[in-house]
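Here is the structure we will look at, set down as structure tokens.
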Amino acid sequence: MSSAVRKALLAAGTTTAGLTAGVFFDWQVTVMPGLEELPDAEFIATFQALDRAAMNPLFIGGAFMGGAVSLVAATVAHRHEPARLRHLAAASAAYLVGVGVTLAGNVPLNEKLAEVSVATASPAEMATARMDFEGPWRALHLVRTAAALGSLVLVSLALRSRDTTTQLLPSTSKSSP
Amino acid sequence: MSTGWGPVLLVAAVLAGLQAGTYYTWATGVMPGLARTDDRTFVHAIQQMSIAIVNPAFMLSFLGAPLFAGAAIAGAEPSARPWAIAGAALAVGTLMITAIGNIPLNNQIEAAGPIDSIADLSSVRNRFESRWVAFNMARSFTSLGAMACLVWAAYRA
């Protein structure tokens with residue numbers, strides 16, 4: 001494995017982990033607190049529209065699953081560099097927790113809410129659908145936001161972790177006064 | 001380098017990531033989704049999210065990203081410094097696009113008043129939507145660029 005490939009995988013893993021963490025962070029601190037204030041029909045219609053739009057190849061393929069693939073690949077690529085390996089393995093594990101929570105938790109809730117027809121459902125049915133959705137979704141979302149943020153911090157640490165062998169190569173002593 | 005500046009660069013990279021992801025999700029998920037909603041839902045959702053976004057967590061990433069990127073310049077190794085400078089410039093650019101472009105539009109749509117009192121929802125929406133989307137697209141690129149530069153600076157430092 002050439003060092004250029006390792007470098008590229010590390011950069012790709014960090015960038016995609018950053019995007020995913022930022023996406024979840026924004027939904028955590030802005031989107032859901034904003035939607036919380038909407039009446040039931042508007043809440044359901046808005047969430048359904050956002051959910052459909054978020055299911056685009058750029059996010060799902062590029063950032064979300066791309067993050068999982070590039071972090072795991074970067075971990076494997078650094079298997080002979082113990083210091084980076086530790087951080088990358090932990091970053092991958094945290095990221096995969098977020099993927100697991102999404103697939104097992106948020107996606108089924110999204111799909112259930114998508115079945116509600118705002119045009120035909122009664123106010124009572126919409127109130128129930130929202131109640132069954134909003135609290136559990138936000139609890140799961142908090143977990144995956146924390147996981148993604150943890151993953152971003154860990155992969156950032158991997159950027160700067162050096163194994164002693166590589167650490168000795170650049171002669172830092174020269175630059176000291 | 002072990003002068004304690006390393007963590008500053010890492011915090012700068014993490015905050016840049018949060019900024020990049022935030023504008024990215026507005027560009028690829030939130031605004032394309034809201035585009036399909038009716039005028040009332042659109043205006044009401046935007047008004048509520050504009051209020052919600054002024055919170056400590058977002059403000060920390062919004063103001064912290066350019067501040068930490070600027071601080072990281074001081075501590076960056078010579079080989080990493082140009083990247084830290086580029087990252088900081090792009091982070092400041094993100095802040096300025098937001099201040100000059102998005103925030104005035106947010107203020108305008110909030111000033112339209114309570115949703116039930118707005119007579120012409122369609123014109124309130126039209127004054128906001130396409131311009132806000134264009135400014136957001138611009139800051140999506142600057143914030144993504146800032147993160148990429150800071151990640152590279154952290155790697156080289």
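FYI, nothing fancy with the structure tokens labels: chains A, B, ... in order, residues from 1 per chain, ligands from 1 as they appear.
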Counting only C-alpha atoms, which residues in chain A sit no more than 6 Å from chain B? For each one, give the nearest pair of atoms and the distance in Å, sorted by chain then residue number, as a Markdown table.
```
| residue | atom | partner | partner_atom | distance |
| --- | --- | --- | --- | --- |
| A:Gly18 | CA | B:Gly17 | CA | 4.2 |
| A:Leu19 | CA | B:Gly21 | CA | 4.0 |
| A:Gly22 | CA | B:Gly21 | CA | 3.6 |
| A:Val23 | CA | B:Gly21 | CA | 4.5 |
| A:Asp26 | CA | B:Thr22 | CA | 5.1 |
| A:Thr30 | CA | B:Ile53 | CA | 4.8 |
| A:Val31 | CA | B:Met49 | CA | 5.9 |
| A:Pro33 | CA | B:Ala52 | CA | 6.0 |
| A:Gly34 | CA | B:Met49 | CA | 4.1 |
| A:Glu42 | CA | B:Thr41 | CA | 5.7 |
| A:Ala49 | CA | B:Gly33 | CA | 4.6 |
| A:Leu50 | CA | B:Gly33 | CA | 4.2 |
| A:Ala53 | CA | B:Gly33 | CA | 4.9 |
| A:Ala54 | CA | B:Gly29 | CA | 4.3 |
| A:Leu159 | CA | B:Tyr155 | CA | 4.9 |
| A:Arg160 | CA | B:Tyr155 | CA | 5.8 |
```
*Where in chain B does DSSP assign alpha helix (DSSP H), given as a ChimeraX atom specification?*
/B:6-25,31-34,39-52,56-75,81-97,103-111,121-156
What lies within 9 Å of Leu67 in chain B using only C-alpha atoms, ignoring chain neighbours under 4 positions off, as a PDB file with N, CA, C and O atoms, in the first residue's frame?
```pdb
ATOM      1  N   ALA B  12     -10.007  23.291  15.229  1.00  0.00           N
ATOM      2  CA  ALA B  12     -10.368  24.054  14.025  1.00  0.00           C
ATOM      3  C   ALA B  12     -10.911  23.121  12.947  1.00  0.00           C
ATOM      4  O   ALA B  12     -11.925  23.426  12.294  1.00  0.00           O
ATOM      5  N   LEU B  63     -19.070  30.718  15.062  1.00  0.00           N
ATOM      6  CA  LEU B  63     -18.026  31.696  15.389  1.00  0.00           C
ATOM      7  C   LEU B  63     -16.701  31.012  15.694  1.00  0.00           C
ATOM      8  O   LEU B  63     -15.622  31.561  15.421  1.00  0.00           O
ATOM      9  N   ALA B  71      -6.481  31.079  14.794  1.00  0.00           N
ATOM     10  CA  ALA B  71      -5.502  30.772  15.839  1.00  0.00           C
ATOM     11  C   ALA B  71      -4.542  29.681  15.376  1.00  0.00           C
ATOM     12  O   ALA B  71      -3.361  29.687  15.737  1.00  0.00           O
ATOM     13  N   ALA B  72      -5.058  28.755  14.562  1.00  0.00           N
ATOM     14  CA  ALA B  72      -4.225  27.634  14.102  1.00  0.00           C
ATOM     15  C   ALA B  72      -3.089  28.108  13.205  1.00  0.00           C
ATOM     16  O   ALA B  72      -2.036  27.463  13.140  1.00  0.00           O
ATOM     17  N   ALA B  88      -8.409  29.273   7.080  1.00  0.00           N
ATOM     18  CA  ALA B  88      -8.952  30.390   7.850  1.00  0.00           C
ATOM     19  C   ALA B  88      -9.657  31.386   6.928  1.00  0.00           C
ATOM     20  O   ALA B  88     -10.741  31.890   7.246  1.00  0.00           O
ATOM     21  N   ALA B  91     -12.936  29.990   6.002  1.00  0.00           N
ATOM     22  CA  ALA B  91     -13.858  30.015   7.150  1.00  0.00           C
ATOM     23  C   ALA B  91     -14.405  31.425   7.368  1.00  0.00           C
ATOM     24  O   ALA B  91     -15.587  31.605   7.672  1.00  0.00           O
ATOM     25  N   VAL B  92     -13.538  32.431   7.197  1.00  0.00           N
ATOM     26  CA  VAL B  92     -14.003  33.819   7.309  1.00  0.00           C
ATOM     27  C   VAL B  92     -14.975  34.130   6.162  1.00  0.00           C
ATOM     28  O   VAL B  92     -16.000  34.791   6.356  1.00  0.00           O
TER      29      VAL B  92
END
```
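Shell of range 120-122 of chain B at 12 Å, with only C-alpha atoms counted and residues fewer than 2 places along the chain excluded, is Thr37, Asp38, Asp39, Arg40, Thr41, Phe42, Val43, His44, Ile109, Ala112, Gly113, Pro114, Ile115, Asp116, Ser117, Ile118, Val124, Arg125, Asn126, Arg127, Phe128 and Glu129 of chain B.
Around Gly105 in chain A, within 9 Å and counting only C-alpha atoms, the residues found are Gly100, Val101, Thr102, Pro108, Leu109, Asn110, Pro136, Trp137, Leu140 and His141 of chain A, once anything fewer than 3 positions away on its own chain is removed.
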Let me see the file: selected residues, N, CA, C and O atoms, as a PDB file, in the first residue's frame.
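selection_4.pdb written:
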```
ATOM      1  N   GLY A 100     -25.501   1.921  12.299  1.00  0.00           N
ATOM      2  CA  GLY A 100     -26.408   0.910  12.860  1.00  0.00           C
ATOM      3  C   GLY A 100     -27.668   1.541  13.441  1.00  0.00           C
ATOM      4  O   GLY A 100     -28.784   1.074  13.192  1.00  0.00           O
ATOM      5  N   VAL A 101     -27.491   2.622  14.217  1.00  0.00           N
ATOM      6  CA  VAL A 101     -28.638   3.315  14.809  1.00  0.00           C
ATOM      7  C   VAL A 101     -29.556   3.842  13.711  1.00  0.00           C
ATOM      8  O   VAL A 101     -30.781   3.753  13.796  1.00  0.00           O
ATOM      9  N   THR A 102     -28.948   4.362  12.650  1.00  0.00           N
ATOM     10  CA  THR A 102     -29.734   4.904  11.533  1.00  0.00           C
ATOM     11  C   THR A 102     -30.562   3.813  10.869  1.00  0.00           C
ATOM     12  O   THR A 102     -31.774   3.967  10.677  1.00  0.00           O
ATOM     13  N   PRO A 108     -36.550   2.960   9.945  1.00  0.00           N
ATOM     14  CA  PRO A 108     -37.902   2.403  10.119  1.00  0.00           C
ATOM     15  C   PRO A 108     -38.925   3.459  10.566  1.00  0.00           C
ATOM     16  O   PRO A 108     -40.084   3.433  10.117  1.00  0.00           O
ATOM     17  N   LEU A 109     -38.505   4.387  11.436  1.00  0.00           N
ATOM     18  CA  LEU A 109     -39.426   5.451  11.858  1.00  0.00           C
ATOM     19  C   LEU A 109     -39.776   6.366  10.687  1.00  0.00           C
ATOM     20  O   LEU A 109     -40.928   6.769  10.522  1.00  0.00           O
ATOM     21  N   ASN A 110     -38.767   6.701   9.871  1.00  0.00           N
ATOM     22  CA  ASN A 110     -39.016   7.523   8.672  1.00  0.00           C
ATOM     23  C   ASN A 110     -40.046   6.849   7.770  1.00  0.00           C
ATOM     24  O   ASN A 110     -40.950   7.489   7.237  1.00  0.00           O
ATOM     25  N   PRO A 136     -39.070   9.270  19.907  1.00  0.00           N
ATOM     26  CA  PRO A 136     -38.107   8.191  19.632  1.00  0.00           C
ATOM     27  C   PRO A 136     -37.066   8.590  18.575  1.00  0.00           C
ATOM     28  O   PRO A 136     -35.880   8.278  18.717  1.00  0.00           O
ATOM     29  N   TRP A 137     -37.500   9.288  17.523  1.00  0.00           N
ATOM     30  CA  TRP A 137     -36.557   9.669  16.462  1.00  0.00           C
ATOM     31  C   TRP A 137     -35.476  10.582  17.024  1.00  0.00           C
ATOM     32  O   TRP A 137     -34.279  10.402  16.738  1.00  0.00           O
ATOM     33  N   LEU A 140     -32.968   8.655  19.187  1.00  0.00           N
ATOM     34  CA  LEU A 140     -32.030   7.909  18.347  1.00  0.00           C
ATOM     35  C   LEU A 140     -31.065   8.862  17.650  1.00  0.00           C
ATOM     36  O   LEU A 140     -29.876   8.566  17.497  1.00  0.00           O
ATOM     37  N   HIS A 141     -31.584  10.006  17.238  1.00  0.00           N
ATOM     38  CA  HIS A 141     -30.743  10.967  16.528  1.00  0.00           C
ATOM     39  C   HIS A 141     -29.634  11.509  17.415  1.00  0.00           C
ATOM     40  O   HIS A 141     -28.505  11.702  16.961  1.00  0.00           O
TER      41      HIS A 141
END
```
*Contacts of Gly98 in chain A at 10 Å or less, counting only C-alpha atoms, minus same-chain residues fewer than 6 places along, as a PyMOL selection string?*
chain A and resi 20-21+24+64+68+92+104+140-149+151
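Shortest atom-to-atom contact with Val76 in chain A among A:Ala119, A:Leu152, A:Leu9, A:Ala4: A:Leu9, counting only C-alpha atoms.
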*Distance criterion (only C-alpha atoms): nearest to Leu58 in chain A out of A:Thr128, A:Thr16, A:Thr75, A:Gln28*: A:Thr16
*Please measure the separation of CA of Ala89 in chain A and CA of Val72 in chain A, giving the value in Å to one decimal.*
7.5 Å
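Of the listed residues (A:Val69, A:Ile44, A:Ala12, A:Ala94), A:Ile44 comes nearest to Phe133 in chain A; the distances count only C-alpha atoms.
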